[in-house]
file data.tsv (TSV, C-alpha atoms)
chain	number	residue	atom	x	y	z
K	1	MET	CA	36.66	-32.54	29.48
K	2	SER	CA	35.63	-36.09	28.45
K	3	ASP	CA	35.79	-37.39	24.87
K	4	VAL	CA	32.00	-37.46	24.73
K	5	GLU	CA	31.78	-33.78	25.65
K	6	GLU	CA	34.49	-32.92	23.09
K	7	ASP	CA	32.57	-34.76	20.39
K	8	ARG	CA	29.43	-32.84	21.31
K	9	ASP	CA	31.30	-29.51	21.11
K	10	GLN	CA	32.56	-30.35	17.65
K	11	GLU	CA	29.18	-31.58	16.47
K	12	PRO	CA	27.93	-29.32	13.66
K	13	GLU	CA	24.57	-27.63	14.08
K	14	PRO	CA	21.69	-29.45	12.43
K	15	GLU	CA	21.33	-28.41	8.78
K	16	SER	CA	17.62	-27.92	9.27
K	17	THR	CA	18.12	-24.69	11.25
K	18	PRO	CA	19.07	-21.89	8.85
K	19	HIS	CA	20.76	-18.79	10.18
K	20	LEU	CA	20.04	-15.49	8.49
K	21	ASP	CA	21.82	-12.21	8.96
K	22	ASP	CA	20.00	-8.87	9.15
K	23	ASP	CA	20.56	-8.05	5.47
K	24	GLU	CA	19.09	-11.38	4.39
K	25	VAL	CA	16.05	-10.86	6.62
K	26	ARG	CA	15.56	-7.37	5.18
K	27	SER	CA	15.94	-8.65	1.62
K	28	LEU	CA	13.45	-11.48	2.23
K	29	LEU	CA	11.01	-9.04	3.80
K	30	ARG	CA	11.19	-6.61	0.89
K	31	GLN	CA	10.73	-9.42	-1.61
K	32	ALA	CA	7.80	-10.92	0.29
K	33	MET	CA	6.09	-7.55	0.64
K	34	THR	CA	6.15	-6.75	-3.08
K	35	VAL	CA	2.56	-5.94	-3.97
K	36	ASP	CA	2.02	-5.82	-7.67
K	37	ARG	CA	4.14	-8.55	-9.19
K	38	SER	CA	1.22	-10.69	-10.27
K	39	LYS	CA	-1.74	-8.30	-10.27
K	40	PRO	CA	-1.40	-4.53	-10.18
K	41	PRO	CA	-4.01	-2.79	-8.02
K	42	SER	CA	-6.83	-1.10	-9.86
K	43	SER	CA	-7.32	2.64	-9.37
K	44	VAL	CA	-9.15	3.54	-6.20
K	45	LEU	CA	-10.28	6.91	-7.61
K	46	PRO	CA	-13.77	5.88	-8.86
K	47	GLY	CA	-14.50	4.18	-5.53
K	48	VAL	CA	-13.30	7.20	-3.56
K	49	GLN	CA	-15.44	9.57	-5.66
K	50	LYS	CA	-18.49	7.37	-5.22
K	51	LYS	CA	-18.06	7.19	-1.44
K	52	ILE	CA	-17.58	10.95	-1.15
K	53	ARG	CA	-20.63	11.58	-3.35
K	54	GLN	CA	-22.78	9.25	-1.23
K	55	ARG	CA	-21.55	10.52	2.13
K	56	SER	CA	-21.82	14.18	1.17
K	57	ARG	CA	-25.32	13.44	-0.18
K	58	GLY	CA	-24.38	14.67	-3.60
K	59	LYS	CA	-22.61	17.85	-2.50
K	60	PHE	CA	-19.29	16.72	-4.00
K	61	TYR	CA	-18.65	14.82	-7.24
K	62	ALA	CA	-22.34	15.30	-7.98
K	63	ASP	CA	-22.33	16.34	-11.64
K	64	GLY	CA	-20.54	13.42	-13.17
K	65	TRP	CA	-18.20	15.80	-14.98
K	66	SER	CA	-15.52	15.93	-12.36
K	67	THR	CA	-15.50	12.20	-11.76
K	68	GLY	CA	-13.96	11.14	-15.06
K	69	ARG	CA	-10.24	10.53	-15.41
K	70	SER	CA	-9.96	12.73	-18.49
K	71	PRO	CA	-12.96	15.07	-18.61
K	72	ARG	CA	-11.11	17.49	-20.94
K	73	SER	CA	-11.98	15.34	-23.94
K	74	THR	CA	-15.65	15.37	-22.93
K	75	TYR	CA	-15.64	19.17	-22.63
K	76	PHE	CA	-13.94	19.48	-26.03
K	77	VAL	CA	-16.36	17.18	-27.87
K	78	THR	CA	-19.40	18.86	-26.31
K	79	SER	CA	-18.11	22.33	-27.23
K	80	LEU	CA	-17.45	21.23	-30.80
K	81	VAL	CA	-20.94	19.73	-31.22
K	82	MET	CA	-22.57	22.90	-29.81
K	83	LEU	CA	-20.53	25.06	-32.18
K	84	ILE	CA	-21.57	22.99	-35.21
K	85	ILE	CA	-25.26	23.20	-34.19
K	86	LEU	CA	-25.05	26.99	-33.72
K	87	VAL	CA	-23.42	27.46	-37.13
K	88	ALA	CA	-26.06	25.25	-38.77
K	89	VAL	CA	-28.90	27.19	-37.10
K	90	TYR	CA	-27.32	30.52	-38.13
K	91	PHE	CA	-27.09	29.54	-41.80
K	92	ALA	CA	-30.62	28.12	-41.68
K	93	LEU	CA	-32.12	31.36	-40.33
K	94	ILE	CA	-30.28	34.18	-42.14
K	95	PRO	CA	-32.00	35.70	-45.22
K	96	GLY	CA	-30.75	33.90	-48.34
K	97	GLY	CA	-29.56	31.01	-46.24
K	98	TRP	CA	-30.43	27.32	-46.43
K	99	GLY	CA	-33.93	27.81	-45.03
K	100	THR	CA	-34.93	30.48	-47.64
K	101	PRO	CA	-37.24	29.17	-50.39
T	1	MET	CA	7.00	13.46	-7.97
T	2	PRO	CA	7.47	15.16	-4.57
T	3	TRP	CA	6.16	18.71	-4.28
T	4	SER	CA	8.23	21.60	-2.97
T	5	ASP	CA	7.01	23.16	0.30
T	6	ARG	CA	5.50	26.08	-1.58
T	7	ASP	CA	3.76	23.87	-4.13
T	8	GLU	CA	2.44	21.67	-1.36
T	9	LYS	CA	1.07	24.64	0.55
T	10	ALA	CA	-0.76	25.90	-2.52
T	11	PHE	CA	-2.02	22.40	-3.24
T	12	VAL	CA	-3.32	21.98	0.30
T	13	GLU	CA	-5.19	25.28	-0.06
T	14	ARG	CA	-6.94	23.86	-3.13
T	15	LEU	CA	-7.80	20.74	-1.15
T	16	ARG	CA	-9.17	22.87	1.69
T	17	ALA	CA	-11.36	24.65	-0.83
T	18	ARG	CA	-12.65	21.18	-1.76
T	19	ASP	CA	-11.36	21.50	-5.31
T	20	GLU	CA	-12.37	18.15	-6.79
T	21	ARG	CA	-9.70	18.25	-9.49
T	22	ALA	CA	-6.99	18.81	-6.87
T	23	PHE	CA	-8.36	15.90	-4.91
T	24	ASN	CA	-8.31	13.67	-8.01
T	25	GLU	CA	-4.64	14.60	-8.47
T	26	LEU	CA	-3.94	13.74	-4.84
T	27	VAL	CA	-5.52	10.30	-5.17
T	28	GLN	CA	-3.65	9.58	-8.40
T	29	GLU	CA	-0.38	10.70	-6.81
T	30	TYR	CA	-0.67	8.62	-3.66
T	31	GLU	CA	-2.96	5.68	-4.45
T	32	ARG	CA	-0.23	3.15	-5.21
T	33	ARG	CA	1.78	3.99	-2.12
T	34	VAL	CA	-1.26	4.00	0.15
T	35	PHE	CA	-2.55	0.76	-1.34
T	36	GLY	CA	0.88	-0.84	-0.94
T	37	LEU	CA	1.11	0.16	2.71
T	38	VAL	CA	-2.37	-1.00	3.69
T	39	PHE	CA	-1.98	-4.24	1.73
T	40	ARG	CA	1.21	-4.99	3.62
T	41	MET	CA	-0.45	-4.15	6.92
T	42	LEU	CA	-3.64	-6.15	6.28
T	43	GLY	CA	-2.43	-8.99	4.06
T	44	SER	CA	-5.63	-9.08	2.02
T	45	ARG	CA	-6.08	-7.41	-1.36
T	46	GLU	CA	-9.85	-7.01	-1.02
T	47	GLU	CA	-9.59	-5.37	2.39
T	48	ALA	CA	-6.68	-3.24	1.19
T	49	GLU	CA	-8.62	-1.87	-1.80
T	50	ASP	CA	-11.55	-0.93	0.41
T	51	LEU	CA	-9.34	0.59	3.10
T	52	ALA	CA	-7.25	2.56	0.61
T	53	GLN	CA	-10.49	4.21	-0.53
T	54	GLU	CA	-11.38	4.98	3.10
T	55	VAL	CA	-7.99	6.63	3.61
T	56	PHE	CA	-8.69	9.14	0.86
T	57	VAL	CA	-12.25	9.73	2.03
T	58	GLN	CA	-10.80	10.54	5.48
T	59	VAL	CA	-8.25	12.86	3.88
T	60	PHE	CA	-11.05	14.67	2.05
T	61	LYS	CA	-13.09	15.02	5.25
T	62	ALA	CA	-10.23	16.00	7.54
T	63	ILE	CA	-8.04	18.17	5.31
T	64	ASP	CA	-8.99	21.23	7.38
T	65	GLN	CA	-7.24	19.61	10.35
T	66	PHE	CA	-3.94	19.31	8.45
T	67	ARG	CA	-1.77	21.98	10.08
T	68	GLY	CA	1.25	21.62	7.81
T	69	ASP	CA	3.66	20.70	10.64
T	70	ALA	CA	4.51	17.48	8.83
T	71	LYS	CA	4.58	16.71	5.12
T	72	LEU	CA	1.25	15.95	3.49
T	73	SER	CA	2.48	12.42	2.66
T	74	THR	CA	3.35	11.79	6.33
T	75	TRP	CA	-0.12	12.93	7.38
T	76	ILE	CA	-1.74	10.63	4.80
T	77	TYR	CA	0.39	7.72	5.99
T	78	ARG	CA	-0.64	8.45	9.58
T	79	ILE	CA	-4.29	8.24	8.59
T	80	ALA	CA	-3.60	5.01	6.72
T	81	ILE	CA	-1.82	3.42	9.68
T	82	ASN	CA	-4.58	4.40	12.12
T	83	LEU	CA	-7.29	3.04	9.83
T	84	CYS	CA	-5.31	-0.19	9.40
T	85	LYS	CA	-5.16	-0.62	13.16
T	86	ASN	CA	-8.89	-0.06	13.50
T	87	ARG	CA	-9.65	-2.41	10.62
T	88	ASN	CA	-7.42	-5.13	12.06
T	89	LYS	CA	-9.16	-4.85	15.42
T	90	TYR	CA	-12.54	-5.05	13.71
T	91	LEU	CA	-11.49	-8.07	11.64
T	92	GLN	CA	-10.08	-9.85	14.66
T	93	ARG	CA	-13.31	-9.25	16.56
T	94	ARG	CA	-15.30	-10.65	13.68
T	95	HIS	CA	-12.92	-13.63	13.33
T	96	ALA	CA	-12.72	-12.77	9.69
T	97	HIS	CA	-9.00	-12.14	9.46
T	98	GLN	CA	-8.27	-14.49	6.60
T	99	GLN	CA	-5.16	-13.56	4.70
T	100	ASP	CA	-6.49	-15.08	1.52
T	101	ASP	CA	-3.90	-13.66	-0.86
T	102	ILE	CA	-1.05	-14.84	1.30
T	103	GLU	CA	-2.57	-18.25	1.92
T	104	ALA	CA	-3.24	-18.67	-1.79
T	105	LEU	CA	0.42	-19.26	-2.52
T	106	GLY	CA	0.09	-22.73	-0.98
T	107	ASP	CA	2.50	-25.54	-0.14
T	108	ARG	CA	3.48	-26.92	-3.48
T	109	ALA	CA	7.03	-28.18	-3.21
T	110	PRO	CA	9.43	-29.53	-0.61
T	111	MET	CA	11.40	-26.83	1.13
T	112	SER	CA	15.15	-27.09	0.91
T	113	SER	CA	18.11	-24.79	0.45
T	114	ALA	CA	15.93	-21.85	1.35
T	115	LYS	CA	18.70	-19.68	2.81
T	116	GLY	CA	19.45	-16.72	0.61
T	117	THR	CA	16.72	-17.61	-1.86
T	118	THR	CA	14.33	-14.98	-3.10
T	119	ALA	CA	11.99	-15.10	-6.07
T	120	GLY	CA	13.92	-12.28	-7.67
T	121	SER	CA	17.21	-14.19	-7.74
T	122	ILE	CA	16.08	-17.50	-9.28
T	123	ALA	CA	15.15	-18.64	-12.73
T	124	ARG	CA	14.23	-22.34	-12.84
T	125	PRO	CA	10.57	-23.27	-12.18
T	126	ASP	CA	11.38	-25.53	-9.19
T	127	ASP	CA	13.58	-22.80	-7.73
T	128	MET	CA	10.72	-20.38	-8.33
T	129	LEU	CA	8.42	-22.55	-6.23
T	130	VAL	CA	10.96	-22.65	-3.42
T	131	GLY	CA	11.25	-18.87	-3.68
T	132	LEU	CA	7.46	-18.48	-3.45
T	133	GLN	CA	7.39	-20.74	-0.40
T	134	VAL	CA	10.10	-18.73	1.28
T	135	GLU	CA	8.08	-15.60	0.56
T	136	ARG	CA	5.06	-17.23	2.11
T	137	VAL	CA	7.03	-18.11	5.23
T	138	VAL	CA	8.17	-14.49	5.51
T	139	GLN	CA	4.62	-13.20	4.95
T	140	GLN	CA	3.29	-15.47	7.67
T	141	ALA	CA	6.09	-14.44	10.00
T	142	ILE	CA	5.49	-10.71	9.50
T	143	HIS	CA	1.75	-11.11	10.05
T	144	GLU	CA	2.35	-13.01	13.26
T	145	LEU	CA	4.33	-10.10	14.70
T	146	GLU	CA	2.60	-7.75	17.11
T	147	GLU	CA	0.94	-4.97	15.15
T	148	ASP	CA	3.13	-2.22	16.65
T	149	PHE	CA	6.24	-4.13	15.60
T	150	ARG	CA	4.92	-4.97	12.14
T	151	GLU	CA	4.00	-1.34	11.51
T	152	VAL	CA	7.46	0.13	12.24
T	153	LEU	CA	9.29	-2.66	10.41
T	154	ILE	CA	7.24	-2.21	7.24
T	155	LEU	CA	7.63	1.57	7.35
T	156	ARG	CA	11.39	1.28	7.79
T	157	ASP	CA	12.47	-1.77	5.77
T	158	VAL	CA	9.85	-1.80	3.01
T	159	GLU	CA	8.73	1.82	2.69
T	160	ASP	CA	12.27	3.14	3.32
T	161	MET	CA	11.19	5.86	5.73
T	162	THR	CA	13.54	7.64	8.11
T	163	TYR	CA	13.25	7.21	11.88
T	164	GLU	CA	11.96	10.79	12.09
T	165	GLU	CA	9.22	10.16	9.52
T	166	ILE	CA	8.19	6.98	11.32
T	167	GLY	CA	8.13	8.94	14.57
T	168	GLU	CA	5.82	11.54	13.02
T	169	ILE	CA	3.50	8.85	11.66
T	170	THR	CA	3.34	6.74	14.81
T	171	GLY	CA	3.66	9.56	17.34
T	172	LEU	CA	6.64	7.81	18.98
T	173	PRO	CA	9.98	9.40	19.91
T	174	SER	CA	12.87	8.46	17.58
T	175	GLY	CA	14.60	6.43	20.30
T	176	THR	CA	11.51	4.30	20.82
T	177	VAL	CA	11.16	3.87	17.05
T	178	LYS	CA	14.77	2.61	16.78
T	179	SER	CA	14.48	0.17	19.66
T	180	ARG	CA	11.11	-1.09	18.43
T	181	ILE	CA	12.52	-1.70	14.94
T	182	HIS	CA	15.49	-3.53	16.44
T	183	ARG	CA	13.25	-5.79	18.51
T	184	ALA	CA	10.87	-6.33	15.59
T	185	ARG	CA	13.75	-7.42	13.33
T	186	GLY	CA	14.96	-9.82	15.98
T	187	GLN	CA	11.52	-11.35	16.38
T	188	LEU	CA	10.99	-11.59	12.62
T	189	LYS	CA	14.38	-13.20	12.10
T	190	ALA	CA	13.71	-15.77	14.83
T	191	ALA	CA	10.28	-16.54	13.41
T	192	ILE	CA	11.58	-16.98	9.85
T	193	GLU	CA	14.45	-19.20	10.99
T	194	ARG	CA	12.08	-21.30	13.05
T	195	LYS	CA	9.58	-21.70	10.23
T	196	LEU	CA	12.23	-22.47	7.63
T	197	GLY	CA	13.78	-24.97	10.05
T	198	GLU	CA	10.42	-26.68	10.49
T	199	LYS	CA	9.90	-26.85	6.73
T	200	ILE	CA	13.36	-28.19	5.98
T	201	GLY	CA	13.30	-30.56	8.95

call {"tool": "encode", "arguments": {"input": "data.tsv", "output": "structure tokens"}}
result
Amino acid sequence: MSDVEEDRDQEPEPESTPHLDDDEVRSLLRQAMTVDRSKPPSSVLPGVQKKIRQRSRGKFYADGWSTGRSPRSTYFVTSLVMLIILVAVYFALIPGGWGTP
Amino acid sequence: MPWSDRDEKAFVERLRARDERAFNELVQEYERRVFGLVFRMLGSREEAEDLAQEVFVQVFKAIDQFRGDAKLSTWIYRIAINLCKNRNKYLQRRHAHQQDDIEALGDRAPMSSAKGTTAGSIARPDDMLVGLQVERVVQQAIHELEEDFREVLILRDVEDMTYEEIGEITGLPSGTVKSRIHRARGQLKAAIERKLGEKIG
């Protein structure tokens, strides 16, 4: 083997070509595929409900009650208001109640 | 939280009865995972948000076809992967495949000492920029892979699925899944090394 060939064999690889092992590639991939570091995705639920309502022509998610994220509070408030109205009407109508002169 | 087999069966029955509350629970349970998967497959946040919605609309429409052979999550992932493939084909036909979120990271600093650098392991602002650029190189490399390769690599290395689960989602035998992942990793590694080399050089 000539001196020139020996020199070439000993020549280090250019620094500009990095070599990665499988673990490094996997780690880079996981890091690069992180979704919500800067901006978390908004909920898709309202969009899904709207599409289903439109495509089922109002058969599903039609009433607006089932489309909220927390409809329980709506049910509760409505029930409470109805109860107060009924009590008020009852006391207004019974003999000797508020409505009696 | 994963459901037991019995819970899942009962839950699927509610879905089959088109119980809207059950369906809301399903969306809330899976939306982040489905969005994450389709975002990784498409590379665009806007497209991913729209497609994630389509996945759940498909689930709602096709729940009667779910036979229970696989887990519900596997079936949902299969729908997501198939819709991603269709959407990618559509976008390529329309020449509208612009990976805006990935491109937005931009070339902002010279690339050096990239090996072993990730955004999670660095603190200084200039190191942060290098980390972001490395991430961009990796994102470009993964989106240049063939779709079949990209799909199995994301399911395995990012979503942490088993070979069997990937087989159920893609419809491929486990052996094919393993060899495809191996080849995909090789191609990704070569692409990243080449791109980093070009940047550093």

call {"tool": "atom_distance", "arguments": {"input": "data.tsv", "atom1": "atom CA of T:Trp75", "atom2": "atom CA of T:Ile63"}}
result
9.7 Å

call {"tool": "closest_residue", "arguments": {"input": "data.tsv", "among": "T:Arg33, T:Arg156, T:Arg14, T:Arg6", "to": "K:Arg30", "atoms": "all atoms listed in the file"}}
result
T:Arg156

call {"tool": "interface_residues", "arguments": {"input": "data.tsv", "of": "chain T", "to": "chain K", "cutoff": "8 Å", "atoms": "all atoms listed in the file", "output": "ChimeraX atom specification"}}
result
/T:20-21,24,27-28,31-32,35-36,39-40,49,52-54,56-57,115-116,118-120,135-136,138-139,157-158,185,188-189,193-194,196-198,200-201

call {"tool": "atom_distance", "arguments": {"input": "data.tsv", "atom1": "atom CA of T:Ser73", "atom2": "atom CA of T:Leu145"}}
result
25.6 Å

call {"tool": "residues_around", "arguments": {"input": "data.tsv", "residues": "T:Leu72", "least_positions_apart": "4", "cutoff": "9 Å", "atoms": "only C-alpha atoms", "output": "list in words"}}
result
Glu8, Val12, Phe66, Gly68, Ile76 and Tyr77 of chain T

call {"tool": "closest_residue", "arguments": {"input": "data.tsv", "among": "T:Val55, T:Leu83, T:Gly43, T:Val177", "to": "T:Glu144", "atoms": "all atoms listed in the file"}}
result
T:Gly43

call {"tool": "closest_residue", "arguments": {"input": "data.tsv", "among": "T:Glu165, T:Glu46, T:Asp160, T:Glu151", "to": "T:Ile181", "atoms": "all atoms listed in the file"}}
result
T:Glu151

call {"tool": "atom_distance", "arguments": {"input": "data.tsv", "atom1": "atom CA of T:Ala184", "atom2": "atom CA of T:Lys89"}}
result
20.1 Å

call {"tool": "closest_residue", "arguments": {"input": "data.tsv", "among": "T:Val59, T:Ala191, T:Val34, T:Val137", "to": "T:Arg16", "atoms": "all atoms listed in the file"}}
result
T:Val59

call {"tool": "closest_residue", "arguments": {"input": "data.tsv", "among": "T:Arg18, T:Arg87, T:Arg150, T:His143", "to": "T:Glu47", "atoms": "only C-alpha atoms"}}
result
T:Arg87

call {"tool": "closest_residue", "arguments": {"input": "data.tsv", "among": "T:Leu172, T:Cys84, T:Met161, T:Ile142", "to": "T:Gly186", "atoms": "all atoms listed in the file"}}
result
T:Ile142
